[in-house]
Each structure stands twice: as C-alpha cells, then as structure tokens.
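Enquirer: After the structure tokens below, expect a handful of questions from me.
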Amino acid sequence: MTRPAETELPLLVDAPSGDVSGRGRRMRKRYLLVLLIPVFMFTGAVIGLYFQPPALQKFYALTGLQPGGGSGTPIALPPDIDLPQDMVETMLPTDVVGLARVMPRGDVALVAAPYGAGDARVAEILVAVGERVARGASLAYLDNRAALESAVFLAQANLAVRRATYLQTRSAVQASRDESQSTLDQARSTYSEAQATLARTEELVARGVSTSVTLDSARTAAQEAALAVTRAEATLARFSSTEIDDQADVVVAARNVEAAEAELARVKLDLARGIIVAPIAGTILDIHATPGQRPPSDGVMEMGDISQMTAEVEVYQDRIATVQPGQPVELVASAIGRTLHGTIESIGLTVGRQGLMSDDVAANTDARVIKVVVALDAESSQIASRFTNLEVIARIDTSLGGRAAQ
C-alpha cells in the first residue's frame with residue numbers, strides 16, 4: 001500500500017540580525033540626504049546672487065539669464081541692465097542702478113529757424129561745431145535777409161524824411177509866430193501914430209488952420225490902424241494860444257514821425273526772420289543744414305552749455321524711495337573706458353515712460369521711471385563735455401543720507 005505524499009510547506013528561515021540593521025542605516029542616510037538638498041539649494045542661490053563664481057557667470061552668459069530677473073525687487077542686478085564686471089564685483093545690495101544719458105546743463109537746445117521764415121533757405125552758416133557763442137549771436141543767415149534789409153533801409157529813409165518834415169513844420173510855426181508878433185507890434189505903432197495925427201488935426205481944425213477934409217482923412221487912417229492891430233492880434237493868438245509843440249501842424253508832423261518809427265521797428269522785427277540767433281550761451285554741438293537747404297523741422301543746429309555737464313538717470317519707480325539729493329553717483333561708460341563721478345542734484349516729480357533702452361531685445365520697453373539729474377564733478381564734466389548724449393550706467397550709493405550727510 002502506497003503512502004500518501006506529504007504536503008510541502010514553506011520553510012521559514014530567519015535572517016541574521018546584522019543584515020536588518022545595515023538596511024536601516026542606509027535608509028536613514030537617504031532621508032538625511034533629502035533633507036540636506038534644500039540647504040544646498042539655498043546655499044547655491046546665495047553664492048549665485050552675491051559671489052557668482054566664473055562657472056556660474058559663464059552659465060548666465062550662455063543662457064542670457066540674470067539673477068533676480070524674476071523678482072519685483074531684485075537683490076543683485078536690475079533685470080534690464082547689463083552691468084560691467086567691475087561694477088558687479090563692487091556692487092552693494094543698497095545700490096540703485098539705472099541707465100543714464102550724459103547731457104549739458106539744461107539739456108541740448110535745438111536751434112530752429114525763426115518764426116515766419118516761410119520758404120526761406122539757409123544762405124550762410126556763420127559758426128562751426130565746437131565754437132562757443134553768446135546768447136543772441138548770429139548763427140546763420142537765410143536767403144530772405146537781403147529783401148528784409150532793403151525794407152529796413154527804406155523805412156530808415158522814410159523816417160529821416162518825416163523827422164525833417166517835423167523840424168521844418170516846427171520852424172515854420174515858430175517863424176509864423178514871430179512874424180505875427182512883429183506885425184502886431186508894427187500895427188500898434190501905426191495905430192499910435194494915427195491917433196497922434198488925428199489929435200493934431202482936430203486941434204488945427206478947431207483953430208481954423210486945417211480943413212474938415214484933412215480931419216476926415218486922419219480919422220480914417222486911425223480907424224484903419226485900429227483894425228490892423230485887431231487883425232494882427234487875432235493872427236498872433238492863433239500861434240500863441242498854445243505851445244509850439246501843441247500846434248496842429250506840429251502835432252501832425254510829430255505823429256508822422258511816430259508812424260515812421262513804428263514802421264522801422266516792424267521791419268526790423270521782420271529782419272529777424274532772416275537771421276538765426278543763439279537762444280542760449282553755449283557751444284555748437286552739431287549742425288544739421290548746409291547752405292541751399294531749407295531749415296530742417298528738427299532744428300538747424302544743436303547747442304548746449306558744456307561747461308557743466310550733467311547726467312539724466314532713469315530710476316525705476318520701485319527704487320526711488322531711497323534716492324536723495326546729494327548722494328554720490330558712479331557713471332560707467334564703456335565707450336570712453338572711464339568712470340565718471342557726480343552727485344544727485346534733483347529728482348523729478350513725475351513718473352514717466354522709460355526712454356533709454358538696453359541692448360537686450362527682450363528687455364521691458366514700458367517701464368515706469370523717474371528722472372534724476374546728476375551734476376558731474378569738474379574732472380568728469382571736462383571729460384564728458386565731448387560726449388553729449390552718451391549712454392552710461394549709473395550706480396547710486398543710497399547708503400549715504402544725501403545732503404544731510406555732507
């Protein structure tokens with residue numbers, strides 16, 4: 001009789017205690033490594049933001065990324081400005097950086113054609129680039145200047161004629177007045193003589209020596225002499241009732257002189273339409289027209305006071321709170337290979353649209369900025385005087401308290 005097969009049961013074998021403890025240690029190491037990953041990431045972020053080792057710098061250069069570019073208040077570099085390496089190495093977290101433009105004090109003045117020049121063209125340029133001129137100096141002539149000068153000469157001649165006429169009229173009135181006075185004196189003398197003759201004739205007639213006919217003649221002569229005195233007095237009264245300058249003929253002549261003077265002043269103003277003059281005292285920076293051309297709409301030339309150069313910095317609105325007048329500013333210009341220095345002179349009162357753009361095609365072109373004017377020191381101003389409108393990078397040291405710390 002065959003024996004039934006025994007049922008096979010699994011054989012349980014206990015593992016050695018040493019293997020279990022080794023597996024637990026490995027798991028604990030893995031958990032510890034996971035916990036250290038955030039610490040390593042934070043440390044790497046700090047190193048990348050503040051120290052930037054060469055390998056990390058090359059990475060940023062290849063990828064075009066900038067540390068802090070995703071933050072509204074970047075810790076290290078502004079998002080739209082490519083800073084020079086030497087500035088990055090010395091930059092402090094409190095520094096404010098912005099693009100700036102070098103310009104003369106008061107900005108560049110555009111010298112335009114005078115009002116009312118019409119179709120006139122440039123006839124002659126009187127200055128050259130780099131020449132310093134005074135305010136009101138003639139810079140260029142237009143081709144309508146000759147015709148306008150002729151009108152001035154004609155008005156001057158007309159004024160001379162009117163002045164001569166005035167003097168002549170005044171002299172004539174004075175002569176007529178003197179003549180009337182003489183006529184009156186003569187008439188009075190004749191009247192006195194006629195009165196004396198009449199008295200003698202009446203006496204002779206009373207004695208019977210003279211006839212009545214002679215008496216009638218004496219009386220007629222006395223009456224005519226009295227009428228002559230009256231007529232002379234009336235004539236003199238016409239000239240002596242007022243001063244000579246108030247006489248009607250003299251007043252008319254004086255008004256004619258005033259009209260001629262007004263005409264001369266008008267044509268002299270018209271002459272200004274043929275001359276381009278300097279609106280300020282400064283240096284000619286550029287000339288945009290040549291003889292024969294019509295004056296360009298954007299100005300015939302540019303000028304500015306380069307004896308004191310300034311820089312207009314565009315500071316982002318979220319960083320303007322720490323900027324104060326009197327704080328030192330460092331201006332880096334790779335084009336001239338030098339660093340310029342100055343202090344904040346004034347801060348704008350309005351927030352406007354960004355006007356200076358970086359070379360990055362992906363840069364924000366609609367940033368809101370406030371313009372800050374920086375006055376350059378004497379040495380920097382002399383260097384910058386040859387580079388009007390040069391774009392530079394400005395770094396403002398806001399760690400100082402502005403004018404209160406000076």
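Every chain in the structure tokens takes a letter, A first, then B, and so on in the order presented; its residues are numbered from 1, and the ligands are numbered from 1 following the presented order.
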Tell me, as a list in words, which residues lie within 10 Å of Val133 of chain A, counting only C-alpha atoms; anything in the same chain fewer than 2 positions away does not count.
Expert: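 Surrounding residues, per the criterion: Val127, Gly130, Glu131, Arg135, Gly136, Ala137, Ser138, Leu139, Val277, Ala278, Ile280, Ala281, Gly282, Thr283, Ile284, Met303 and Asp305 of chain A.
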Enquirer: If you count only C-alpha atoms, which residues fall within 8 Å of segment 370-378 of chain A, apart from same-chain ones fewer than 5 positions away, as an NGL selection string?
Expert: :A and (308-317 or 320 or 329 or 340-352)
Enquirer: Write out the residues from the selection above, keeping N, CA and C atoms, as a tab-separated table (two decimals), in the first residue's frame.
Expert:
```
chain	number	residue	atom	x	y	z
A	308	GLN	N	29.32	122.80	-17.78
A	308	GLN	CA	28.87	121.98	-16.66
A	308	GLN	C	28.01	120.86	-17.22
A	309	MET	N	28.56	119.65	-17.20
A	309	MET	CA	27.84	118.50	-17.73
A	309	MET	C	27.03	117.83	-16.62
A	310	THR	N	25.93	117.25	-17.02
A	310	THR	CA	25.06	116.52	-16.09
A	310	THR	C	24.71	115.18	-16.72
A	311	ALA	N	24.05	114.36	-15.94
A	311	ALA	CA	23.56	113.07	-16.43
A	311	ALA	C	22.12	112.90	-15.95
A	312	GLU	N	21.27	112.45	-16.86
A	312	GLU	CA	19.87	112.22	-16.54
A	312	GLU	C	19.66	110.72	-16.37
A	313	VAL	N	19.44	110.30	-15.14
A	313	VAL	CA	19.31	108.87	-14.82
A	313	VAL	C	17.83	108.52	-14.73
A	314	GLU	N	17.49	107.37	-15.33
A	314	GLU	CA	16.13	106.86	-15.24
A	314	GLU	C	16.10	105.77	-14.17
A	315	VAL	N	15.46	106.08	-13.05
A	315	VAL	CA	15.40	105.16	-11.92
A	315	VAL	C	14.01	104.55	-11.88
A	316	TYR	N	13.94	103.22	-11.75
A	316	TYR	CA	12.65	102.55	-11.68
A	316	TYR	C	11.87	103.05	-10.47
A	317	GLN	N	10.57	103.18	-10.65
A	317	GLN	CA	9.73	103.79	-9.62
A	317	GLN	C	9.76	103.02	-8.30
A	320	ILE	N	12.96	104.34	-6.14
A	320	ILE	CA	13.24	105.76	-5.98
A	320	ILE	C	13.15	106.19	-4.52
A	329	VAL	N	27.19	109.37	-7.07
A	329	VAL	CA	26.80	108.55	-8.21
A	329	VAL	C	28.04	108.20	-9.01
A	340	LEU	N	32.92	108.02	-14.49
A	340	LEU	CA	32.63	109.41	-14.14
A	340	LEU	C	31.96	109.45	-12.78
A	341	HIS	N	32.07	110.59	-12.13
A	341	HIS	CA	31.54	110.72	-10.78
A	341	HIS	C	30.73	112.02	-10.67
A	342	GLY	N	29.75	111.98	-9.81
A	342	GLY	CA	28.93	113.16	-9.57
A	342	GLY	C	28.03	112.94	-8.37
A	343	THR	N	27.15	113.89	-8.15
A	343	THR	CA	26.19	113.81	-7.05
A	343	THR	C	24.80	114.15	-7.57
A	344	ILE	N	23.80	113.61	-6.91
A	344	ILE	CA	22.41	113.86	-7.33
A	344	ILE	C	22.08	115.32	-7.06
A	345	GLU	N	21.61	116.00	-8.10
A	345	GLU	CA	21.25	117.41	-7.99
A	345	GLU	C	19.76	117.60	-7.77
A	346	SER	N	18.94	116.85	-8.48
A	346	SER	CA	17.49	116.99	-8.33
A	346	SER	C	16.82	115.69	-8.72
A	347	ILE	N	15.61	115.50	-8.23
A	347	ILE	CA	14.81	114.31	-8.51
A	347	ILE	C	13.50	114.76	-9.12
A	348	GLY	N	13.11	114.13	-10.22
A	348	GLY	CA	11.88	114.51	-10.90
A	348	GLY	C	10.65	114.30	-10.04
A	349	LEU	N	9.59	114.99	-10.41
A	349	LEU	CA	8.34	114.94	-9.65
A	349	LEU	C	7.27	114.10	-10.33
A	350	THR	N	7.55	113.58	-11.51
A	350	THR	CA	6.56	112.78	-12.23
A	350	THR	C	7.14	111.44	-12.62
A	351	VAL	N	6.27	110.47	-12.73
A	351	VAL	CA	6.64	109.14	-13.20
A	351	VAL	C	6.29	109.06	-14.68
A	352	GLY	N	7.29	108.72	-15.48
A	352	GLY	CA	7.08	108.66	-16.92
A	352	GLY	C	7.51	107.34	-17.51
```
Enquirer: Pick the closest to Val332 of chain A from A:Ser192, A:Gln354, A:Gln156, A:Ser380: which is it, counting only C-alpha atoms?
Expert: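 Answer, going by the shortest atom-to-atom distance: A:Ser380.
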Enquirer: Go through segment 81-162 of chain A and collect every residue that DSSP, computed from the backbone, puts in alpha helix (DSSP H); the answer should be as a PyMOL selection string.
Expert: chain A and resi 85-90+145-162
Enquirer: Could you write out that same residue set with N, CA and C atoms as a PDB file, in the first residue's frame?
Expert:
```pdb
ATOM      1  N   GLN A  85      31.560  94.065 -15.497  1.00  0.00           N
ATOM      2  CA  GLN A  85      32.005  93.122 -14.483  1.00  0.00           C
ATOM      3  C   GLN A  85      32.592  93.826 -13.265  1.00  0.00           C
ATOM      4  N   ASP A  86      33.372  94.910 -13.494  1.00  0.00           N
ATOM      5  CA  ASP A  86      33.980  95.588 -12.351  1.00  0.00           C
ATOM      6  C   ASP A  86      32.940  96.233 -11.454  1.00  0.00           C
ATOM      7  N   MET A  87      31.817  96.666 -12.020  1.00  0.00           N
ATOM      8  CA  MET A  87      30.756  97.233 -11.200  1.00  0.00           C
ATOM      9  C   MET A  87      30.032  96.136 -10.440  1.00  0.00           C
ATOM     10  N   VAL A  88      29.851  94.987 -11.067  1.00  0.00           N
ATOM     11  CA  VAL A  88      29.179  93.884 -10.395  1.00  0.00           C
ATOM     12  C   VAL A  88      29.972  93.436  -9.172  1.00  0.00           C
ATOM     13  N   GLU A  89      31.285  93.400  -9.295  1.00  0.00           N
ATOM     14  CA  GLU A  89      32.120  92.914  -8.204  1.00  0.00           C
ATOM     15  C   GLU A  89      32.095  93.826  -6.983  1.00  0.00           C
ATOM     16  N   THR A  90      31.870  95.117  -7.203  1.00  0.00           N
ATOM     17  CA  THR A  90      31.881  96.071  -6.085  1.00  0.00           C
ATOM     18  C   THR A  90      30.494  96.544  -5.688  1.00  0.00           C
ATOM     19  N   ARG A 145      17.096 137.437 -46.196  1.00  0.00           N
ATOM     20  CA  ARG A 145      17.673 138.527 -45.408  1.00  0.00           C
ATOM     21  C   ARG A 145      17.897 139.776 -46.259  1.00  0.00           C
ATOM     22  N   ALA A 146      18.313 139.631 -47.522  1.00  0.00           N
ATOM     23  CA  ALA A 146      18.584 140.797 -48.370  1.00  0.00           C
ATOM     24  C   ALA A 146      17.323 141.629 -48.590  1.00  0.00           C
ATOM     25  N   ALA A 147      16.200 140.956 -48.886  1.00  0.00           N
ATOM     26  CA  ALA A 147      14.948 141.686 -49.106  1.00  0.00           C
ATOM     27  C   ALA A 147      14.488 142.361 -47.817  1.00  0.00           C
ATOM     28  N   LEU A 148      14.659 141.700 -46.693  1.00  0.00           N
ATOM     29  CA  LEU A 148      14.251 142.287 -45.420  1.00  0.00           C
ATOM     30  C   LEU A 148      15.146 143.465 -45.054  1.00  0.00           C
ATOM     31  N   GLU A 149      16.425 143.401 -45.385  1.00  0.00           N
ATOM     32  CA  GLU A 149      17.315 144.535 -45.134  1.00  0.00           C
ATOM     33  C   GLU A 149      16.940 145.725 -46.005  1.00  0.00           C
ATOM     34  N   SER A 150      16.525 145.481 -47.234  1.00  0.00           N
ATOM     35  CA  SER A 150      16.089 146.581 -48.110  1.00  0.00           C
ATOM     36  C   SER A 150      14.884 147.295 -47.512  1.00  0.00           C
ATOM     37  N   ALA A 151      13.960 146.529 -46.934  1.00  0.00           N
ATOM     38  CA  ALA A 151      12.800 147.140 -46.290  1.00  0.00           C
ATOM     39  C   ALA A 151      13.225 147.986 -45.092  1.00  0.00           C
ATOM     40  N   VAL A 152      14.244 147.554 -44.395  1.00  0.00           N
ATOM     41  CA  VAL A 152      14.758 148.333 -43.266  1.00  0.00           C
ATOM     42  C   VAL A 152      15.365 149.649 -43.752  1.00  0.00           C
ATOM     43  N   PHE A 153      16.157 149.597 -44.816  1.00  0.00           N
ATOM     44  CA  PHE A 153      16.762 150.823 -45.370  1.00  0.00           C
ATOM     45  C   PHE A 153      15.687 151.801 -45.827  1.00  0.00           C
ATOM     46  N   LEU A 154      14.640 151.288 -46.474  1.00  0.00           N
ATOM     47  CA  LEU A 154      13.557 152.148 -46.935  1.00  0.00           C
ATOM     48  C   LEU A 154      12.833 152.786 -45.760  1.00  0.00           C
ATOM     49  N   ALA A 155      12.583 152.019 -44.718  1.00  0.00           N
ATOM     50  CA  ALA A 155      11.918 152.567 -43.530  1.00  0.00           C
ATOM     51  C   ALA A 155      12.794 153.603 -42.842  1.00  0.00           C
ATOM     52  N   GLN A 156      14.102 153.393 -42.815  1.00  0.00           N
ATOM     53  CA  GLN A 156      15.012 154.375 -42.216  1.00  0.00           C
ATOM     54  C   GLN A 156      14.995 155.685 -43.009  1.00  0.00           C
ATOM     55  N   ALA A 157      14.969 155.582 -44.344  1.00  0.00           N
ATOM     56  CA  ALA A 157      14.908 156.790 -45.175  1.00  0.00           C
ATOM     57  C   ALA A 157      13.595 157.529 -44.968  1.00  0.00           C
ATOM     58  N   ASN A 158      12.495 156.793 -44.894  1.00  0.00           N
ATOM     59  CA  ASN A 158      11.192 157.417 -44.668  1.00  0.00           C
ATOM     60  C   ASN A 158      11.149 158.107 -43.312  1.00  0.00           C
ATOM     61  N   LEU A 159      11.756 157.500 -42.328  1.00  0.00           N
ATOM     62  CA  LEU A 159      11.800 158.117 -41.003  1.00  0.00           C
ATOM     63  C   LEU A 159      12.624 159.403 -41.031  1.00  0.00           C
ATOM     64  N   ALA A 160      13.715 159.389 -41.758  1.00  0.00           N
ATOM     65  CA  ALA A 160      14.534 160.598 -41.860  1.00  0.00           C
ATOM     66  C   ALA A 160      13.750 161.732 -42.509  1.00  0.00           C
ATOM     67  N   VAL A 161      12.962 161.418 -43.535  1.00  0.00           N
ATOM     68  CA  VAL A 161      12.150 162.439 -44.203  1.00  0.00           C
ATOM     69  C   VAL A 161      11.098 162.993 -43.249  1.00  0.00           C
ATOM     70  N   ARG A 162      10.448 162.095 -42.516  1.00  0.00           N
ATOM     71  CA  ARG A 162       9.406 162.541 -41.586  1.00  0.00           C
ATOM     72  C   ARG A 162      10.002 163.403 -40.473  1.00  0.00           C
TER      73      ARG A 162
END
```
Enquirer: Once DSSP has gone over the backbone, tell me which residues of segment 173-322 of chain A are in strand (DSSP E), as a PDB file with N, CA and C atoms, in the first residue's frame.
Expert:
```pdb
ATOM      1  N   ILE A 275      17.526 135.850 -39.899  1.00  0.00           N
ATOM      2  CA  ILE A 275      18.756 135.585 -39.147  1.00  0.00           C
ATOM      3  C   ILE A 275      18.447 134.557 -38.063  1.00  0.00           C
ATOM      4  N   ILE A 276      19.248 133.520 -37.980  1.00  0.00           N
ATOM      5  CA  ILE A 276      19.127 132.511 -36.928  1.00  0.00           C
ATOM      6  C   ILE A 276      20.096 132.889 -35.817  1.00  0.00           C
ATOM      7  N   VAL A 277      19.573 133.096 -34.614  1.00  0.00           N
ATOM      8  CA  VAL A 277      20.388 133.555 -33.490  1.00  0.00           C
ATOM      9  C   VAL A 277      20.425 132.476 -32.410  1.00  0.00           C
ATOM     10  N   GLY A 282      26.377 129.093 -25.189  1.00  0.00           N
ATOM     11  CA  GLY A 282      26.877 127.720 -25.127  1.00  0.00           C
ATOM     12  C   GLY A 282      27.770 127.395 -26.302  1.00  0.00           C
ATOM     13  N   THR A 283      27.943 126.099 -26.523  1.00  0.00           N
ATOM     14  CA  THR A 283      28.829 125.584 -27.564  1.00  0.00           C
ATOM     15  C   THR A 283      28.011 124.894 -28.644  1.00  0.00           C
ATOM     16  N   ILE A 284      28.388 125.105 -29.890  1.00  0.00           N
ATOM     17  CA  ILE A 284      27.714 124.444 -31.004  1.00  0.00           C
ATOM     18  C   ILE A 284      28.105 122.962 -30.995  1.00  0.00           C
ATOM     19  N   LEU A 285      27.104 122.104 -30.870  1.00  0.00           N
ATOM     20  CA  LEU A 285      27.347 120.667 -30.776  1.00  0.00           C
ATOM     21  C   LEU A 285      27.221 119.961 -32.117  1.00  0.00           C
ATOM     22  N   ASP A 286      26.302 120.411 -32.954  1.00  0.00           N
ATOM     23  CA  ASP A 286      26.098 119.759 -34.251  1.00  0.00           C
ATOM     24  C   ASP A 286      25.343 120.711 -35.159  1.00  0.00           C
ATOM     25  N   ILE A 287      25.563 120.582 -36.480  1.00  0.00           N
ATOM     26  CA  ILE A 287      24.889 121.400 -37.482  1.00  0.00           C
ATOM     27  C   ILE A 287      24.188 120.465 -38.452  1.00  0.00           C
ATOM     28  N   MET A 301      20.611 123.458 -35.962  1.00  0.00           N
ATOM     29  CA  MET A 301      21.801 123.021 -35.241  1.00  0.00           C
ATOM     30  C   MET A 301      21.446 122.772 -33.782  1.00  0.00           C
ATOM     31  N   GLU A 302      22.384 122.153 -33.068  1.00  0.00           N
ATOM     32  CA  GLU A 302      22.227 121.879 -31.647  1.00  0.00           C
ATOM     33  C   GLU A 302      23.338 122.576 -30.881  1.00  0.00           C
ATOM     34  N   MET A 303      23.000 123.051 -29.691  1.00  0.00           N
ATOM     35  CA  MET A 303      23.989 123.704 -28.857  1.00  0.00           C
ATOM     36  C   MET A 303      23.644 123.459 -27.387  1.00  0.00           C
ATOM     37  N   GLY A 304      24.635 123.636 -26.538  1.00  0.00           N
ATOM     38  CA  GLY A 304      24.418 123.434 -25.112  1.00  0.00           C
ATOM     39  C   GLY A 304      25.574 124.001 -24.311  1.00  0.00           C
ATOM     40  N   ASP A 305      25.331 124.204 -23.040  1.00  0.00           N
ATOM     41  CA  ASP A 305      26.352 124.719 -22.129  1.00  0.00           C
ATOM     42  C   ASP A 305      27.142 123.539 -21.568  1.00  0.00           C
ATOM     43  N   ILE A 306      28.243 123.187 -22.241  1.00  0.00           N
ATOM     44  CA  ILE A 306      29.030 122.023 -21.832  1.00  0.00           C
ATOM     45  C   ILE A 306      30.058 122.368 -20.755  1.00  0.00           C
ATOM     46  N   SER A 307      30.048 123.601 -20.264  1.00  0.00           N
ATOM     47  CA  SER A 307      30.956 123.940 -19.171  1.00  0.00           C
ATOM     48  C   SER A 307      30.582 123.195 -17.896  1.00  0.00           C
ATOM     49  N   GLN A 308      29.322 122.801 -17.778  1.00  0.00           N
ATOM     50  CA  GLN A 308      28.868 121.983 -16.661  1.00  0.00           C
ATOM     51  C   GLN A 308      28.006 120.860 -17.216  1.00  0.00           C
ATOM     52  N   MET A 309      28.562 119.650 -17.198  1.00  0.00           N
ATOM     53  CA  MET A 309      27.836 118.503 -17.729  1.00  0.00           C
ATOM     54  C   MET A 309      27.031 117.829 -16.623  1.00  0.00           C
ATOM     55  N   THR A 310      25.925 117.253 -17.016  1.00  0.00           N
ATOM     56  CA  THR A 310      25.062 116.525 -16.094  1.00  0.00           C
ATOM     57  C   THR A 310      24.710 115.178 -16.720  1.00  0.00           C
ATOM     58  N   ALA A 311      24.049 114.362 -15.938  1.00  0.00           N
ATOM     59  CA  ALA A 311      23.560 113.068 -16.430  1.00  0.00           C
ATOM     60  C   ALA A 311      22.122 112.903 -15.954  1.00  0.00           C
ATOM     61  N   GLU A 312      21.271 112.453 -16.857  1.00  0.00           N
ATOM     62  CA  GLU A 312      19.869 112.216 -16.536  1.00  0.00           C
ATOM     63  C   GLU A 312      19.662 110.720 -16.371  1.00  0.00           C
ATOM     64  N   VAL A 313      19.436 110.296 -15.143  1.00  0.00           N
ATOM     65  CA  VAL A 313      19.309 108.874 -14.817  1.00  0.00           C
ATOM     66  C   VAL A 313      17.833 108.515 -14.735  1.00  0.00           C
ATOM     67  N   GLU A 314      17.486 107.371 -15.334  1.00  0.00           N
ATOM     68  CA  GLU A 314      16.130 106.858 -15.243  1.00  0.00           C
ATOM     69  C   GLU A 314      16.100 105.768 -14.171  1.00  0.00           C
ATOM     70  N   VAL A 315      15.462 106.082 -13.052  1.00  0.00           N
ATOM     71  CA  VAL A 315      15.398 105.159 -11.915  1.00  0.00           C
ATOM     72  C   VAL A 315      14.006 104.547 -11.876  1.00  0.00           C
ATOM     73  N   TYR A 316      13.937 103.222 -11.753  1.00  0.00           N
ATOM     74  CA  TYR A 316      12.653 102.549 -11.682  1.00  0.00           C
ATOM     75  C   TYR A 316      11.870 103.048 -10.474  1.00  0.00           C
TER      76      TYR A 316
END
```
